[in-house]
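Structure file my_file_5.cif with mmCIF, C-alpha atoms:
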```cif
data_target
loop_
_atom_site.label_atom_id
_atom_site.label_comp_id
_atom_site.auth_asym_id
_atom_site.auth_seq_id
_atom_site.Cartn_x
_atom_site.Cartn_y
_atom_site.Cartn_z
CA MET A 425 93.88 109.27 115.58
CA SER A 426 94.58 109.91 111.91
CA ASN A 427 97.91 110.07 110.12
CA THR A 428 98.14 112.89 107.60
CA MET A 429 101.84 112.48 106.74
CA ILE A 430 101.43 109.31 104.68
CA LEU A 431 100.42 109.94 101.04
CA LYS A 432 101.21 113.65 101.18
CA ASP A 433 101.40 114.60 97.46
CA LYS A 434 101.33 110.89 96.49
CA SER A 435 98.76 108.37 95.25
CA VAL A 436 100.53 105.22 96.47
CA GLN A 437 103.12 104.63 99.16
CA VAL A 438 104.71 101.43 100.49
CA SER A 439 106.68 100.53 103.59
CA ARG A 440 108.37 97.41 104.96
CA ILE A 441 108.77 97.28 108.73
CA ARG A 442 109.96 94.70 111.24
CA ARG A 443 108.14 94.93 114.57
CA SER A 444 109.98 93.61 117.63
CA SER A 445 108.05 91.69 120.27
CA SER A 446 108.30 94.76 122.55
CA PHE A 447 106.52 97.10 120.10
CA VAL A 448 103.17 98.42 121.31
CA MET A 449 100.81 100.47 119.14
CA LYS A 450 99.54 103.01 121.64
CA ARG A 451 96.00 103.46 120.36
CA PRO A 452 93.63 102.56 117.54
CA HIS A 453 93.67 105.00 114.64
CA TYR A 454 92.07 105.74 111.30
CA HIS A 455 93.01 107.69 108.16
CA SER A 456 91.52 109.05 104.95
CA TYR A 457 93.21 106.53 102.60
CA TYR A 458 93.18 102.77 102.04
CA GLU A 459 95.74 100.51 103.70
CA ILE A 460 96.85 97.00 102.77
CA TYR A 461 98.71 95.15 105.51
CA TYR A 462 100.59 91.99 104.42
CA LEU A 463 102.33 89.86 107.05
CA LEU A 464 105.64 88.40 105.88
CA SER A 465 106.68 86.70 109.12
CA GLY A 466 105.64 86.36 112.74
CA LYS A 467 102.14 86.71 114.11
CA CYS A 468 99.78 89.59 114.74
CA LYS A 469 96.25 90.29 115.86
CA MET A 470 94.47 93.05 113.95
CA PHE A 471 91.57 94.94 115.49
CA ILE A 472 89.40 96.44 112.73
CA ASN A 473 86.25 98.26 113.84
CA GLN A 474 84.54 95.77 116.14
CA ASP A 475 86.32 92.58 115.03
CA ILE A 476 89.61 90.85 115.82
CA TYR A 477 91.56 88.92 113.17
CA TYR A 478 94.53 86.61 113.75
CA LEU A 479 97.18 87.12 111.10
CA GLU A 480 99.87 84.63 110.14
CA PRO A 481 102.47 84.82 107.35
CA GLY A 482 100.70 85.17 104.01
CA ASP A 483 97.64 86.90 105.48
CA MET A 484 96.53 90.27 104.16
CA THR A 485 94.06 92.84 105.45
CA ILE A 486 92.45 95.61 103.43
CA ILE A 487 91.44 98.59 105.57
CA PRO A 488 89.19 101.17 103.88
CA PRO A 489 89.32 104.88 104.78
CA LEU A 490 88.02 105.95 108.20
CA GLU A 491 87.87 102.42 109.66
CA VAL A 492 89.35 102.28 113.14
CA HIS A 493 92.12 99.70 113.46
CA LYS A 494 95.08 98.65 115.56
CA ALA A 495 97.77 95.98 115.21
CA LEU A 496 98.30 93.95 118.37
CA TYR A 497 101.70 92.30 118.80
CA GLU A 498 102.07 89.76 121.60
CA PRO A 499 105.39 89.11 123.38
CA SER A 500 107.49 86.59 121.39
CA TRP A 501 105.51 87.42 118.23
CA GLU A 502 108.15 89.39 116.31
CA ALA A 503 106.69 90.28 112.95
CA GLU A 504 107.69 91.74 109.60
CA ARG A 505 105.09 93.30 107.35
CA PHE A 506 104.49 95.31 104.21
CA GLY A 507 102.12 98.25 104.27
CA ILE A 508 100.62 99.77 101.12
CA TYR A 509 98.75 103.06 101.41
CA PHE A 510 96.72 104.40 98.50
CA SER A 511 94.21 107.11 97.79
CA ARG A 512 90.51 106.86 96.98
CA ASP A 513 91.27 108.07 93.44
CA THR A 514 93.59 105.10 92.90
CA VAL A 515 90.79 102.73 93.90
CA THR A 516 88.31 104.57 91.67
CA SER A 517 90.54 104.07 88.65
CA PHE A 518 90.82 100.35 89.43
CA LEU A 519 87.03 100.07 89.83
CA SER A 520 86.48 101.68 86.44
CA LEU A 521 88.74 99.07 84.84
CA CYS A 522 87.47 95.87 86.50
CA GLY A 523 83.80 96.63 87.25
CA ARG A 524 81.80 96.60 90.49
CA GLU A 525 81.40 92.83 90.82
CA ALA A 526 85.12 92.08 90.59
CA PHE A 527 85.91 95.10 92.76
CA GLY A 528 83.48 93.97 95.46
CA HIS A 529 84.98 90.47 95.36
CA ILE A 530 88.34 91.93 96.39
CA PHE A 531 87.22 94.51 98.93
CA SER A 532 84.29 92.72 100.61
CA GLN A 533 86.23 91.16 103.52
CA PRO A 534 88.88 92.78 105.76
CA LYS A 535 91.06 89.65 106.09
CA ARG A 536 92.37 87.88 103.01
CA PRO A 537 94.51 84.74 103.49
CA ILE A 538 96.78 84.33 100.46
CA PRO A 539 97.14 80.66 99.39
CA SER A 540 100.75 79.46 99.36
CA GLU A 541 100.90 79.14 95.58
CA PHE A 542 100.08 82.86 95.17
CA ARG A 543 102.43 84.24 97.84
CA PRO A 544 105.63 84.31 95.73
CA LYS A 545 103.88 86.51 93.15
CA ILE A 546 102.42 88.84 95.80
CA GLU A 547 105.78 89.16 97.56
CA GLU A 548 107.61 89.73 94.27
CA LEU A 549 105.23 92.59 93.44
CA LEU A 550 105.63 94.06 96.93
CA ALA A 551 109.42 93.96 96.59
CA GLN A 552 109.13 95.68 93.20
CA MET A 553 107.02 98.39 94.82
CA GLN A 554 109.66 98.88 97.50
CA ASP A 555 112.41 99.17 94.87
CA GLU A 556 110.32 101.49 92.72
CA GLU A 557 109.64 103.91 95.57
CA LYS A 558 113.39 104.37 95.99
CA GLN A 559 113.56 105.73 92.41
CA GLY A 560 111.61 108.81 93.38
CA ASP A 561 111.46 110.14 89.81
CA SER A 562 108.57 111.43 87.71
CA TYR A 563 107.55 107.88 86.72
CA CYS A 564 107.53 106.42 90.24
CA GLN A 565 103.84 106.94 91.02
CA ILE A 566 102.80 105.56 87.62
CA GLN A 567 104.74 102.37 88.29
CA LEU A 568 103.49 102.09 91.87
CA CYS A 569 99.87 102.36 90.71
CA SER A 570 100.50 99.70 88.08
CA LEU A 571 102.07 97.33 90.62
CA LEU A 572 99.23 97.94 93.09
CA HIS A 573 96.70 97.07 90.39
CA GLN A 574 98.60 93.84 89.71
CA ILE A 575 98.49 92.94 93.42
CA LEU A 576 94.73 93.55 93.51
CA VAL A 577 94.27 91.33 90.42
CA VAL A 578 96.23 88.48 92.04
CA LEU A 579 94.21 88.98 95.21
CA GLY A 580 90.95 88.74 93.31
CA ARG A 581 92.03 85.60 91.46
CA CYS A 582 93.18 83.73 94.55
CA GLN A 583 90.10 84.24 96.72
CA GLU A 584 88.41 80.99 95.73
CA ALA A 585 90.95 79.19 97.93
CA ARG A 586 90.20 79.43 101.64
CA ARG A 587 91.77 78.15 104.82
CA GLU A 588 90.23 77.77 108.25
CA GLY A 589 90.64 80.84 110.41
CA HIS A 590 92.11 81.04 113.89
CA ALA A 591 89.41 80.71 116.56
CA LEU A 592 89.11 83.61 118.99
CA GLU A 593 89.68 83.04 122.70
CA GLU A 594 86.74 83.41 125.08
CA ALA A 595 87.82 86.86 126.31
CA GLU A 596 88.31 88.05 122.73
CA GLU A 597 84.86 86.81 121.75
CA ALA A 598 83.46 88.86 124.63
CA MET A 599 85.39 91.92 123.43
CA VAL A 600 83.97 91.50 119.93
CA ARG A 601 80.40 91.15 121.29
CA ALA A 602 80.87 94.30 123.38
CA ALA A 603 82.36 96.28 120.47
CA ARG A 604 79.50 95.28 118.16
CA TYR A 605 76.93 96.23 120.80
CA ILE A 606 78.55 99.65 121.26
CA ASN A 607 78.69 100.14 117.50
CA GLN A 608 74.96 99.45 117.19
CA HIS A 609 73.78 101.40 120.28
CA TYR A 610 76.30 104.23 120.75
CA GLN A 611 73.57 106.91 120.47
CA GLU A 612 71.57 105.51 123.41
CA GLY A 613 73.66 106.73 126.35
CA LEU A 614 75.30 103.41 127.14
CA THR A 615 76.78 102.61 130.53
CA LEU A 616 79.75 100.38 131.31
CA GLY A 617 77.54 98.07 133.34
CA GLU A 618 75.06 97.62 130.49
CA VAL A 619 77.76 96.74 127.96
CA ALA A 620 79.51 94.44 130.41
CA ALA A 621 76.25 92.59 131.14
CA PHE A 622 75.57 92.13 127.42
CA ALA A 623 79.06 90.67 126.87
CA ASN A 624 78.87 88.49 130.04
CA MET A 625 81.84 90.32 131.53
CA SER A 626 82.42 92.20 134.78
CA PRO A 627 82.69 96.00 134.51
CA THR A 628 86.36 95.76 135.47
#
```

Have the structure of the file written as structure tokens, please.
Amino acid sequence: MSNTMILKDKSVQVSRIRRSSSFVMKRPHYHSYYEIYYLLSGKCKMFINQDIYYLEPGDMTIIPPLEVHKALYEPSWEAERFGIYFSRDTVTSFLSLCGREAFGHIFSQPKRPIPSEFRPKIEELLAQMQDEEKQGDSYCQIQLCSLLHQILVVLGRCQEARREGHALEEAEEAMVRAARYINQHYQEGLTLGEVAAFANMSPT
């Protein structure tokens, strides 16, 4: 379930990928580093632990290490996204600079809608990261860490603005209830019937 190839011998890595409507992520996964997912275009549903988040252009998710997640792309929802992957040490250095309160303000919620007035700056910094990674020289990781820190600062400053989230469908609400129940009672020898009854679903 984990991906050990990303961040090999690096502190920060970035990718820009266009997902066609036919793309299917086979299974949820987790990894030992942080991931920022920023949606440039299209639509996506992100499953993180026991919750589902609708993502639209300008939405960002921050996924800490070891949290199970999966991107769900529906037919006709072609999407383009940036992914930033960074080590725990990179986050530790940022925490030491900004303090725990400001750090917690940024990392407290998985989904972070970016207000429209902040998106050009975020996307400019992401593009700079993409260009910088192509350099591949001895200064590349220094610059990538600096640009990542700038993105986190913009993210922290823009979080006072909020927009109403996308409501989950009835079946998705049931999935979330079931996932939360499993997460809370997984040591109790659960059965499919018990979880289904709790979520008001049939076992099938």

Checklist entry - A:Ile441, A:Phe510, A:Ile487, A:Gly482: which is nearest Ser532 (chain A), counting all atoms listed in the file? => result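 When distances to Ser532 (chain A) are compared using all atoms listed in the file, the smallest one comes from A:Ile487.
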
Checklist entry - If you measure from CA of Ile538 (chain A) to CA of Cys582 (chain A), what distance in Å do you get, rounded to one decimal? => result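 Distance reported for this atom pair: 6.9 Å.
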
Item to check | Residues matched by the PyMOL selection byres ((chain A and resi 627) around 8), written as an MDAnalysis selection string | outcome: chainID A and resid 616:617 620 625:626 628

Item to check | Atom pair CA of Met449 (chain A) / CA of Lys432 (chain A): separation (Å) | outcome: 22.3 Å

Checklist entry - Could you pull the residues within 12 Å of Cys564 (chain A), counting only C-alpha atoms, minus those fewer than 2 positions along the same chain, as a PyMOL selection string? => result chain A and resi 434-438+552-562+566-571

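The smallest atom-to-atom distance between Ile530 (chain A) and any of A:Gly507, A:Pro499, A:Pro544, A:Gly580, using all atoms listed in the file, is found for A:Gly580.
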
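Residue nearest Leu431 (chain A), chosen from A:Trp501, A:Tyr461, A:Tyr509, A:Phe542 and counting only C-alpha atoms: A:Tyr509.
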
Item to check | From A:Cys468, A:Pro534, A:Leu549, A:Ser511, residue lying nearest Ile575 (chain A) [all atoms listed in the file] | outcome: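 The closest residue to Ile575 (chain A) is A:Leu549.
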
Next on the checklist: Counting all atoms listed in the file, find residues at most 6 Å from (90.6, 89.7, 106.6) (file frame) and give them as a PyMOL selection string.
Outcome noted: chain A and resi 485+533-536

Checklist entry - So how many Å separate CA of His529 (chain A) and CA of Asp433 (chain A), to one decimal? => result 29.3 Å

Checklist entry - Where does the PyMOL selection byres ((chain A and resi 470-481) around 6) land in this file, that is, which residues does it pick, as a PyMOL selection string? => result chain A and resi 463-465+467-469+482-483+492-496+600+603-604

Item to check | Distance criterion (all atoms listed in the file): nearest to Ser456 (chain A) out of A:Thr516, A:Tyr497, A:Leu579, A:Pro488 | outcome: A:Pro488

Checklist entry - Given the choices A:Leu521, A:Ile430, A:Val515, A:Val578, which gets closest to Glu541 (chain A) if the distance is worked out from all atoms listed in the file? => result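 With all atoms listed in the file as the atom set, the closest residue is A:Val578.
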
Could you expand the PyMOL selection byres ((chain A and resi 446) around 9) into the explicit residues it covers here, written as a compact mmCIF listing (two decimals) with C-alpha atoms, in the coordinates of the input?
```txt
# COMPACT_ATOMS: atom_id res chain seq x y z
CA ARG A 443 108.14 94.93 114.57
CA SER A 444 109.98 93.61 117.63
CA SER A 445 108.05 91.69 120.27
CA PHE A 447 106.52 97.10 120.10
CA VAL A 448 103.17 98.42 121.31
CA TYR A 497 101.70 92.30 118.80
CA GLU A 498 102.07 89.76 121.60
CA PRO A 499 105.39 89.11 123.38
CA SER A 500 107.49 86.59 121.39
CA TRP A 501 105.51 87.42 118.23
CA GLU A 502 108.15 89.39 116.31
```

Please identify all polymer residues within 9 Å of Leu490 (chain A), counting only C-alpha atoms, omitting same-chain residues fewer than 3 positions from it, and present them as a PDB file with C-alpha atoms, in the coordinates of the input.
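See result.pdb below for the written result:
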```
ATOM      1  CA  SER A 426      94.580 109.910 111.910  1.00  0.00           C
ATOM      2  CA  HIS A 453      93.670 105.000 114.640  1.00  0.00           C
ATOM      3  CA  TYR A 454      92.070 105.740 111.300  1.00  0.00           C
ATOM      4  CA  HIS A 455      93.010 107.690 108.160  1.00  0.00           C
ATOM      5  CA  SER A 456      91.520 109.050 104.950  1.00  0.00           C
ATOM      6  CA  TYR A 457      93.210 106.530 102.600  1.00  0.00           C
ATOM      7  CA  TYR A 458      93.180 102.770 102.040  1.00  0.00           C
ATOM      8  CA  ILE A 487      91.440  98.590 105.570  1.00  0.00           C
TER       9      ILE A 487
END
```
